[in-house]
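Engineer: My file is structure.txt. It has compact mmCIF, C-alpha atoms:
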# COMPACT_ATOMS: atom_id res chain seq x y z
CA MET A 108 7.15 -15.59 26.93
CA LYS A 109 6.47 -19.32 26.94
CA ILE A 110 9.35 -21.77 26.94
CA THR A 111 9.06 -25.47 26.26
CA ALA A 112 12.00 -27.24 27.87
CA PHE A 113 13.00 -30.86 28.14
CA ALA A 114 15.87 -33.24 28.59
CA ALA A 115 16.04 -35.52 25.55
CA THR A 116 16.01 -38.67 27.67
CA ASN A 117 13.57 -40.80 29.61
CA SER A 118 15.91 -41.11 32.61
CA LYS A 119 14.24 -40.05 35.84
CA GLU A 120 17.67 -39.08 37.25
CA SER A 121 18.89 -37.16 34.22
CA ILE A 122 21.74 -34.75 34.80
CA ASN A 123 20.66 -33.04 31.57
CA LEU A 124 17.26 -32.42 33.15
CA GLU A 125 18.97 -30.73 36.11
CA LEU A 126 20.92 -28.54 33.67
CA VAL A 127 17.71 -27.69 31.77
CA LYS A 128 15.99 -26.67 35.01
CA HIS A 129 18.95 -24.52 36.00
CA VAL A 130 19.17 -22.77 32.63
CA SER A 131 15.38 -22.29 32.49
CA SER A 132 15.58 -20.38 35.77
CA HIS A 133 17.66 -17.72 33.98
CA PHE A 134 14.51 -16.73 32.05
CA GLU A 135 12.83 -15.13 35.05
CA ASP A 136 9.89 -13.56 33.19
CA ALA A 137 9.04 -16.68 31.19
CA ARG A 138 6.51 -19.41 31.80
CA VAL A 139 8.34 -22.72 31.45
CA ASN A 140 6.57 -25.88 30.33
CA LEU A 141 8.95 -28.65 31.41
CA LEU A 142 8.23 -31.81 29.44
CA ASP A 143 8.97 -35.34 30.63
CA LEU A 144 9.65 -37.62 27.68
CA ASN A 145 8.14 -40.50 29.66
CA ASP A 146 4.77 -38.83 28.98
CA TYR A 147 5.33 -39.38 25.24
CA GLU A 148 6.27 -43.04 25.23
CA MET A 149 5.28 -44.82 22.01
CA PRO A 150 6.05 -48.08 20.23
CA ILE A 151 9.41 -48.11 18.49
CA PHE A 152 8.94 -46.36 15.16
CA SER A 153 8.91 -48.30 11.91
CA PRO A 154 7.33 -47.48 8.54
CA GLU A 155 5.07 -50.52 8.91
CA ARG A 156 3.79 -49.35 12.31
CA ALA A 157 3.16 -45.89 10.86
CA LEU A 158 0.72 -47.48 8.40
CA ASP A 159 -1.44 -48.37 11.40
CA GLY A 160 -1.61 -44.72 12.45
CA ILE A 161 0.48 -42.29 14.40
CA PRO A 162 0.22 -42.38 18.20
CA GLN A 163 -1.55 -39.47 19.87
CA ALA A 164 1.58 -38.86 21.95
CA ALA A 165 3.40 -37.64 18.82
CA SER A 166 0.69 -35.02 18.22
CA ASP A 167 0.76 -34.05 21.88
CA PHE A 168 4.53 -33.52 21.70
CA LEU A 169 4.18 -31.30 18.61
CA ASP A 170 1.37 -29.35 20.30
CA ALA A 171 3.61 -28.62 23.28
CA ILE A 172 6.30 -27.29 20.97
CA GLN A 173 3.84 -25.26 18.93
CA ASP A 174 2.46 -23.67 22.10
CA SER A 175 5.78 -22.03 22.95
CA ASP A 176 7.89 -19.09 21.94
CA MET A 177 11.22 -20.83 22.35
CA LEU A 178 12.79 -24.19 23.19
CA ILE A 179 15.45 -25.34 25.62
CA ILE A 180 16.64 -28.86 24.90
CA GLY A 181 19.11 -30.76 27.07
CA LEU A 182 20.74 -33.48 25.00
CA ALA A 183 21.76 -36.61 26.84
CA GLU A 184 24.38 -38.59 24.96
CA TYR A 185 24.11 -42.37 24.70
CA ASN A 186 27.00 -43.95 22.79
CA GLY A 187 27.75 -40.67 21.05
CA SER A 188 24.21 -40.01 19.82
CA TYR A 189 20.63 -39.17 20.81
CA THR A 190 18.88 -41.35 23.34
CA SER A 191 16.49 -43.91 21.90
CA ALA A 192 13.60 -42.28 23.78
CA PHE A 193 14.20 -38.91 22.12
CA LYS A 194 14.92 -40.40 18.70
CA ASN A 195 11.69 -42.39 18.80
CA ILE A 196 9.56 -39.34 19.68
CA PHE A 197 11.39 -37.35 17.02
CA ASP A 198 10.82 -40.07 14.39
CA TRP A 199 7.09 -40.36 15.12
CA SER A 200 6.59 -36.58 15.29
CA SER A 201 8.37 -36.03 11.98
CA ARG A 202 5.73 -38.23 10.31
CA ILE A 203 3.15 -35.58 11.21
CA ASP A 204 5.29 -32.54 10.44
CA MET A 205 8.92 -32.58 9.25
CA LYS A 206 9.34 -29.21 10.98
CA VAL A 207 9.12 -30.88 14.38
CA PHE A 208 10.63 -27.87 16.15
CA LYS A 209 8.26 -25.40 14.48
CA ASP A 210 10.90 -22.77 13.61
CA LYS A 211 11.29 -21.91 17.29
CA PRO A 212 14.42 -20.21 18.61
CA THR A 213 16.29 -23.04 20.29
CA LEU A 214 18.91 -23.18 23.02
CA LEU A 215 20.73 -26.52 23.05
CA LEU A 216 22.43 -27.84 26.18
CA SER A 217 24.44 -30.91 27.00
CA THR A 218 26.33 -32.34 29.93
CA SER A 219 27.89 -35.63 30.91
CA PRO A 220 30.00 -37.04 33.71
CA GLY A 221 33.02 -36.94 31.40
CA PRO A 222 35.24 -34.09 30.25
CA ARG A 223 33.62 -33.72 26.81
CA GLY A 224 30.20 -32.74 28.19
CA ALA A 225 28.24 -34.75 25.59
CA SER A 226 29.75 -32.58 22.89
CA THR A 227 29.33 -35.25 20.21
CA VAL A 228 25.54 -35.27 20.42
CA LEU A 229 25.49 -31.48 20.83
CA GLU A 230 27.43 -31.01 17.58
CA SER A 231 25.20 -33.52 15.82
CA ALA A 232 22.08 -31.67 16.99
CA LYS A 233 23.47 -28.28 15.98
CA ASN A 234 24.00 -29.64 12.48
CA SER A 235 20.83 -31.70 12.02
CA LEU A 236 17.99 -30.16 14.03
CA PRO A 237 17.77 -27.03 11.84
CA PHE A 238 16.59 -29.29 9.00
CA TYR A 239 13.62 -30.09 11.24
CA GLY A 240 12.70 -26.54 12.16
CA ALA A 241 14.97 -25.78 15.12
CA LYS A 242 16.43 -22.30 14.93
CA VAL A 243 19.55 -23.12 16.92
CA TRP A 244 20.69 -19.74 18.16
CA ALA A 245 22.90 -20.87 21.03
CA ALA A 246 24.45 -23.93 22.62
CA PHE A 247 26.19 -24.71 25.90
CA SER A 248 28.04 -27.82 27.05
CA LEU A 249 28.98 -28.45 30.68
CA PRO A 250 31.82 -30.97 31.05
CA SER A 251 32.37 -33.17 34.10
CA TYR A 252 28.90 -32.61 35.53
CA PHE A 253 29.54 -34.03 38.99
CA GLU A 254 32.57 -31.79 39.51
CA ASN A 255 30.98 -28.65 38.03
CA PHE A 256 27.34 -28.73 39.17
CA LYS A 257 26.53 -28.53 42.88
CA ASP A 258 23.39 -27.49 44.78
CA GLN A 259 21.32 -26.98 41.62
CA SER A 260 23.87 -24.61 40.13
CA ILE A 261 27.10 -24.48 38.16
CA SER A 262 29.90 -24.29 40.71
CA ASP A 263 32.83 -23.63 38.39
CA PRO A 264 33.10 -19.83 37.82
CA THR A 265 34.42 -20.15 34.25
CA HIS A 266 31.57 -22.42 33.17
CA GLN A 267 29.04 -20.19 34.97
CA GLU A 268 30.39 -17.14 33.11
CA ASN A 269 30.18 -19.01 29.80
CA LEU A 270 26.58 -19.97 30.53
CA GLN A 271 25.70 -16.38 31.47
CA ARG A 272 27.21 -15.18 28.18
CA VAL A 273 25.27 -17.77 26.15
CA VAL A 274 21.98 -16.96 27.92
CA SER A 275 22.53 -13.21 27.49
CA GLU A 276 23.29 -13.61 23.80
CA PHE A 277 20.22 -15.80 23.38
CA LYS A 278 17.98 -13.27 25.17
CA ASN A 279 19.37 -10.48 22.98
CA LEU A 280 18.58 -12.47 19.84
CA LEU A 281 15.02 -12.97 21.10
CA LEU A 282 14.62 -9.21 21.47
CA GLU A 283 15.90 -8.43 17.97
CA PRO A 284 13.26 -8.04 15.27
CA GLN A 285 13.24 -11.11 13.02
CA VAL A 286 13.33 -10.72 9.24
How would this structure read if it were set down as structure tokens?

Structural biologist:
Amino acid sequence: MKITAFAATNSKESINLELVKHVSSHFEDARVNLLDLNDYEMPIFSPERALDGIPQAASDFLDAIQDSDMLIIGLAEYNGSYTSAFKNIFDWSSRIDMKVFKDKPTLLLSTSPGPRGASTVLESAKNSLPFYGAKVWAAFSLPSYFENFKDQSISDPTHQENLQRVVSEFKNLLLEPQV
């Protein structure tokens, strides 16, 4: 199985990236392609700029998604929404194919330093990304990252159990025949 995973931010010190890496490690038999959104930097999208052509980076991003069996996306929350880096890549990519996420089974993650664990952007993504081809089968939010994540792992037993449950359910859905 091939997994494309990324934190939806261009921050080099992303706590969502650390969560994505941790969760990806639960898929022991999978080959994980960990994307860095900095590799897909493009001009800020506008309809006028699109008339001049779509940047190759947008096609490259779609190719990475297409070349996978499933997606793990860690959603950083900036002011209650997607980061501008992710939104820009998403906007450019949707000009090539509105089904940006290629009907791939998708596990959404979020975390933040605060007690809500970036739940606003997670809920937004759960509601909107399916319109763009994400088959959102599971989601997990880790609140208070710096209190609950230590040594590359979730330190709070309750949150670790919740993650294990979500990952197990997601794996079971992957094994079920799709109709």

Engineer: Within 10 Å of range 271-274 of chain A, counting only C-alpha atoms, which residues show up once you throw out same-chain ones fewer than 5 positions away? Write them as a PDB file with C-alpha atoms, in the frame of the given file, please.

Structural biologist:
ATOM      1  CA  VAL A 130      19.170 -22.770  32.630  1.00  0.00           C
ATOM      2  CA  SER A 131      15.380 -22.290  32.490  1.00  0.00           C
ATOM      3  CA  HIS A 133      17.660 -17.720  33.980  1.00  0.00           C
ATOM      4  CA  PHE A 134      14.510 -16.730  32.050  1.00  0.00           C
ATOM      5  CA  LEU A 214      18.910 -23.180  23.020  1.00  0.00           C
ATOM      6  CA  TRP A 244      20.690 -19.740  18.160  1.00  0.00           C
ATOM      7  CA  ALA A 245      22.900 -20.870  21.030  1.00  0.00           C
ATOM      8  CA  ALA A 246      24.450 -23.930  22.620  1.00  0.00           C
ATOM      9  CA  PHE A 247      26.190 -24.710  25.900  1.00  0.00           C
ATOM     10  CA  THR A 265      34.420 -20.150  34.250  1.00  0.00           C
ATOM     11  CA  HIS A 266      31.570 -22.420  33.170  1.00  0.00           C
ATOM     12  CA  ASN A 279      19.370 -10.480  22.980  1.00  0.00           C
ATOM     13  CA  LEU A 280      18.580 -12.470  19.840  1.00  0.00           C
TER      14      LEU A 280
END

Engineer: Please compute the CA of Ile161 in chain A-CA of Met177 in chain A distance, one decimal, in Å.

Structural biologist: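 Interatomic distance, CA of Ile161 in chain A to CA of Met177 in chain A: 25.3 Å.
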
Engineer: May I ask for the distance between CA of Ser262 in chain A and CA of Phe193 in chain A, given in Å to one decimal place?

Structural biologist: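 Calculated distance between CA of Ser262 in chain A and CA of Phe193 in chain A is 28.4 Å.
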
Engineer: Neighbours of Ala241 in chain A within 7 Å (all atoms listed in the file; same-chain residues fewer than 3 positions away dropped), as a list in words?

Structural biologist: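 Selected residues are Phe208, Lys209, Asp210, Lys211, Pro212, Thr213, Leu236 and Pro237 of chain A.
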
Engineer: Suppose we keep C-alpha atoms; can you now write the selection as a PDB file, in the coordinates of the input?

Structural biologist:
ATOM      1  CA  PHE A 208      10.630 -27.870  16.150  1.00  0.00           C
ATOM      2  CA  LYS A 209       8.260 -25.400  14.480  1.00  0.00           C
ATOM      3  CA  ASP A 210      10.900 -22.770  13.610  1.00  0.00           C
ATOM      4  CA  LYS A 211      11.290 -21.910  17.290  1.00  0.00           C
ATOM      5  CA  PRO A 212      14.420 -20.210  18.610  1.00  0.00           C
ATOM      6  CA  THR A 213      16.290 -23.040  20.290  1.00  0.00           C
ATOM      7  CA  LEU A 236      17.990 -30.160  14.030  1.00  0.00           C
ATOM      8  CA  PRO A 237      17.770 -27.030  11.840  1.00  0.00           C
TER       9      PRO A 237
END

Engineer: Name all residues at most 12 Å from Lys194 in chain A (count only C-alpha atoms; drop same-chain ones fewer than 4 positions away) and give them as a list in words.

Structural biologist: Ala115, Thr116, Asn117, Leu144, Tyr147, Glu148, Met149, Pro150, Ile151, Phe152, Ala165, Leu182, Ala183, Glu184, Tyr185, Ser188, Tyr189, Thr190, Asp198, Trp199, Ser200, Ser201, Val207, Val228, Ala232 and Leu236 of chain A

Engineer: Given the choices A:Gln163, A:Asn269, A:Asn186, A:Ser248, which gets closest to Asp146 in chain A if the distance is worked out from all atoms listed in the file?

Structural biologist: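 The shortest atom-to-atom distance to Asp146 in chain A comes from A:Gln163.
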
Engineer: Given the choices A:Lys109, A:Ser235, A:Ala225, A:Leu126, which gets closest to Pro250 in chain A if the distance is worked out from all atoms listed in the file?

Structural biologist: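 Residue with the minimum atom-to-atom distance to Pro250 in chain A: A:Ala225.
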
Engineer: Take range 134-145 of chain A, model all heavy atoms, and hand the result over as an mmCIF file, in the frame of the given file.

Structural biologist:
data_model
loop_
_atom_site.group_PDB
_atom_site.id
_atom_site.type_symbol
_atom_site.label_atom_id
_atom_site.label_comp_id
_atom_site.auth_asym_id
_atom_site.auth_seq_id
_atom_site.Cartn_x
_atom_site.Cartn_y
_atom_site.Cartn_z
ATOM 1 N N PHE A 134 15.545 -17.445 32.803
ATOM 2 C CA PHE A 134 14.510 -16.730 32.050
ATOM 3 C C PHE A 134 13.391 -16.389 33.038
ATOM 4 O O PHE A 134 12.311 -16.978 33.013
ATOM 5 C CB PHE A 134 14.020 -17.583 30.883
ATOM 6 C CG PHE A 134 15.076 -17.817 29.837
ATOM 7 C CD1 PHE A 134 16.002 -18.843 29.971
ATOM 8 C CD2 PHE A 134 15.167 -16.984 28.732
ATOM 9 C CE1 PHE A 134 16.994 -19.046 29.022
ATOM 10 C CE2 PHE A 134 16.153 -17.176 27.781
ATOM 11 C CZ PHE A 134 17.065 -18.213 27.922
ATOM 12 N N GLU A 135 13.680 -15.435 33.911
ATOM 13 C CA GLU A 135 12.830 -15.130 35.050
ATOM 14 C C GLU A 135 11.396 -14.747 34.679
ATOM 15 O O GLU A 135 10.459 -15.067 35.407
ATOM 16 C CB GLU A 135 13.438 -13.979 35.881
ATOM 17 C CG GLU A 135 14.848 -14.205 36.358
ATOM 18 C CD GLU A 135 15.921 -13.863 35.322
ATOM 19 O OE1 GLU A 135 15.600 -13.288 34.258
ATOM 20 O OE2 GLU A 135 17.088 -14.191 35.588
ATOM 21 N N ASP A 136 11.218 -14.054 33.574
ATOM 22 C CA ASP A 136 9.890 -13.560 33.190
ATOM 23 C C ASP A 136 9.120 -14.544 32.312
ATOM 24 O O ASP A 136 8.032 -14.223 31.849
ATOM 25 C CB ASP A 136 10.014 -12.221 32.468
ATOM 26 C CG ASP A 136 10.601 -11.151 33.373
ATOM 27 O OD1 ASP A 136 10.428 -11.250 34.607
ATOM 28 O OD2 ASP A 136 11.250 -10.222 32.850
ATOM 29 N N ALA A 137 9.667 -15.712 32.091
ATOM 30 C CA ALA A 137 9.040 -16.680 31.190
ATOM 31 C C ALA A 137 8.234 -17.709 31.970
ATOM 32 O O ALA A 137 8.497 -17.986 33.139
ATOM 33 C CB ALA A 137 10.096 -17.382 30.360
ATOM 34 N N ARG A 138 7.262 -18.266 31.276
ATOM 35 C CA ARG A 138 6.510 -19.410 31.800
ATOM 36 C C ARG A 138 7.110 -20.643 31.140
ATOM 37 O O ARG A 138 7.123 -20.759 29.916
ATOM 38 C CB ARG A 138 5.032 -19.273 31.450
ATOM 39 C CG ARG A 138 4.162 -20.337 32.074
ATOM 40 C CD ARG A 138 2.689 -19.997 31.941
ATOM 41 N NE ARG A 138 2.366 -19.392 30.666
ATOM 42 C CZ ARG A 138 1.630 -19.966 29.719
ATOM 43 N NH1 ARG A 138 1.112 -21.155 29.910
ATOM 44 N NH2 ARG A 138 1.372 -19.345 28.591
ATOM 45 N N VAL A 139 7.636 -21.550 31.962
ATOM 46 C CA VAL A 139 8.340 -22.720 31.450
ATOM 47 C C VAL A 139 7.441 -23.950 31.535
ATOM 48 O O VAL A 139 6.913 -24.270 32.601
ATOM 49 C CB VAL A 139 9.651 -22.974 32.219
ATOM 50 C CG1 VAL A 139 10.351 -24.226 31.704
ATOM 51 C CG2 VAL A 139 10.575 -21.761 32.113
ATOM 52 N N ASN A 140 7.275 -24.604 30.395
ATOM 53 C CA ASN A 140 6.570 -25.880 30.330
ATOM 54 C C ASN A 140 7.649 -26.959 30.238
ATOM 55 O O ASN A 140 8.256 -27.142 29.186
ATOM 56 C CB ASN A 140 5.646 -25.916 29.112
ATOM 57 C CG ASN A 140 4.920 -27.240 28.978
ATOM 58 O OD1 ASN A 140 4.799 -28.008 29.926
ATOM 59 N ND2 ASN A 140 4.425 -27.509 27.786
ATOM 60 N N LEU A 141 7.906 -27.639 31.351
ATOM 61 C CA LEU A 141 8.950 -28.650 31.410
ATOM 62 C C LEU A 141 8.345 -30.003 31.059
ATOM 63 O O LEU A 141 7.523 -30.547 31.789
ATOM 64 C CB LEU A 141 9.561 -28.679 32.812
ATOM 65 C CG LEU A 141 10.777 -29.557 33.008
ATOM 66 C CD1 LEU A 141 11.934 -29.104 32.124
ATOM 67 C CD2 LEU A 141 11.201 -29.526 34.474
ATOM 68 N N LEU A 142 8.750 -30.532 29.904
ATOM 69 C CA LEU A 142 8.230 -31.810 29.440
ATOM 70 C C LEU A 142 9.029 -32.969 30.011
ATOM 71 O O LEU A 142 10.235 -32.864 30.212
ATOM 72 C CB LEU A 142 8.298 -31.891 27.906
ATOM 73 C CG LEU A 142 7.603 -30.806 27.097
ATOM 74 C CD1 LEU A 142 7.761 -31.099 25.603
ATOM 75 C CD2 LEU A 142 6.149 -30.672 27.474
ATOM 76 N N ASP A 143 8.346 -34.077 30.230
ATOM 77 C CA ASP A 143 8.970 -35.340 30.630
ATOM 78 C C ASP A 143 8.739 -36.300 29.473
ATOM 79 O O ASP A 143 7.587 -36.621 29.141
ATOM 80 C CB ASP A 143 8.313 -35.854 31.909
ATOM 81 C CG ASP A 143 8.884 -37.168 32.402
ATOM 82 O OD1 ASP A 143 9.598 -37.868 31.641
ATOM 83 O OD2 ASP A 143 8.596 -37.518 33.561
ATOM 84 N N LEU A 144 9.811 -36.754 28.845
ATOM 85 C CA LEU A 144 9.650 -37.620 27.680
ATOM 86 C C LEU A 144 8.941 -38.926 28.010
ATOM 87 O O LEU A 144 8.392 -39.572 27.111
ATOM 88 C CB LEU A 144 11.003 -37.910 27.022
ATOM 89 C CG LEU A 144 11.700 -36.731 26.353
ATOM 90 C CD1 LEU A 144 12.816 -37.221 25.442
ATOM 91 C CD2 LEU A 144 10.760 -35.835 25.585
ATOM 92 N N ASN A 145 8.892 -39.304 29.269
ATOM 93 C CA ASN A 145 8.140 -40.500 29.660
ATOM 94 C C ASN A 145 6.641 -40.329 29.383
ATOM 95 O O ASN A 145 5.929 -41.311 29.233
ATOM 96 C CB ASN A 145 8.375 -40.825 31.134
ATOM 97 C CG ASN A 145 9.761 -41.345 31.357
ATOM 98 O OD1 ASN A 145 10.105 -42.424 30.896
ATOM 99 N ND2 ASN A 145 10.583 -40.555 32.035
#
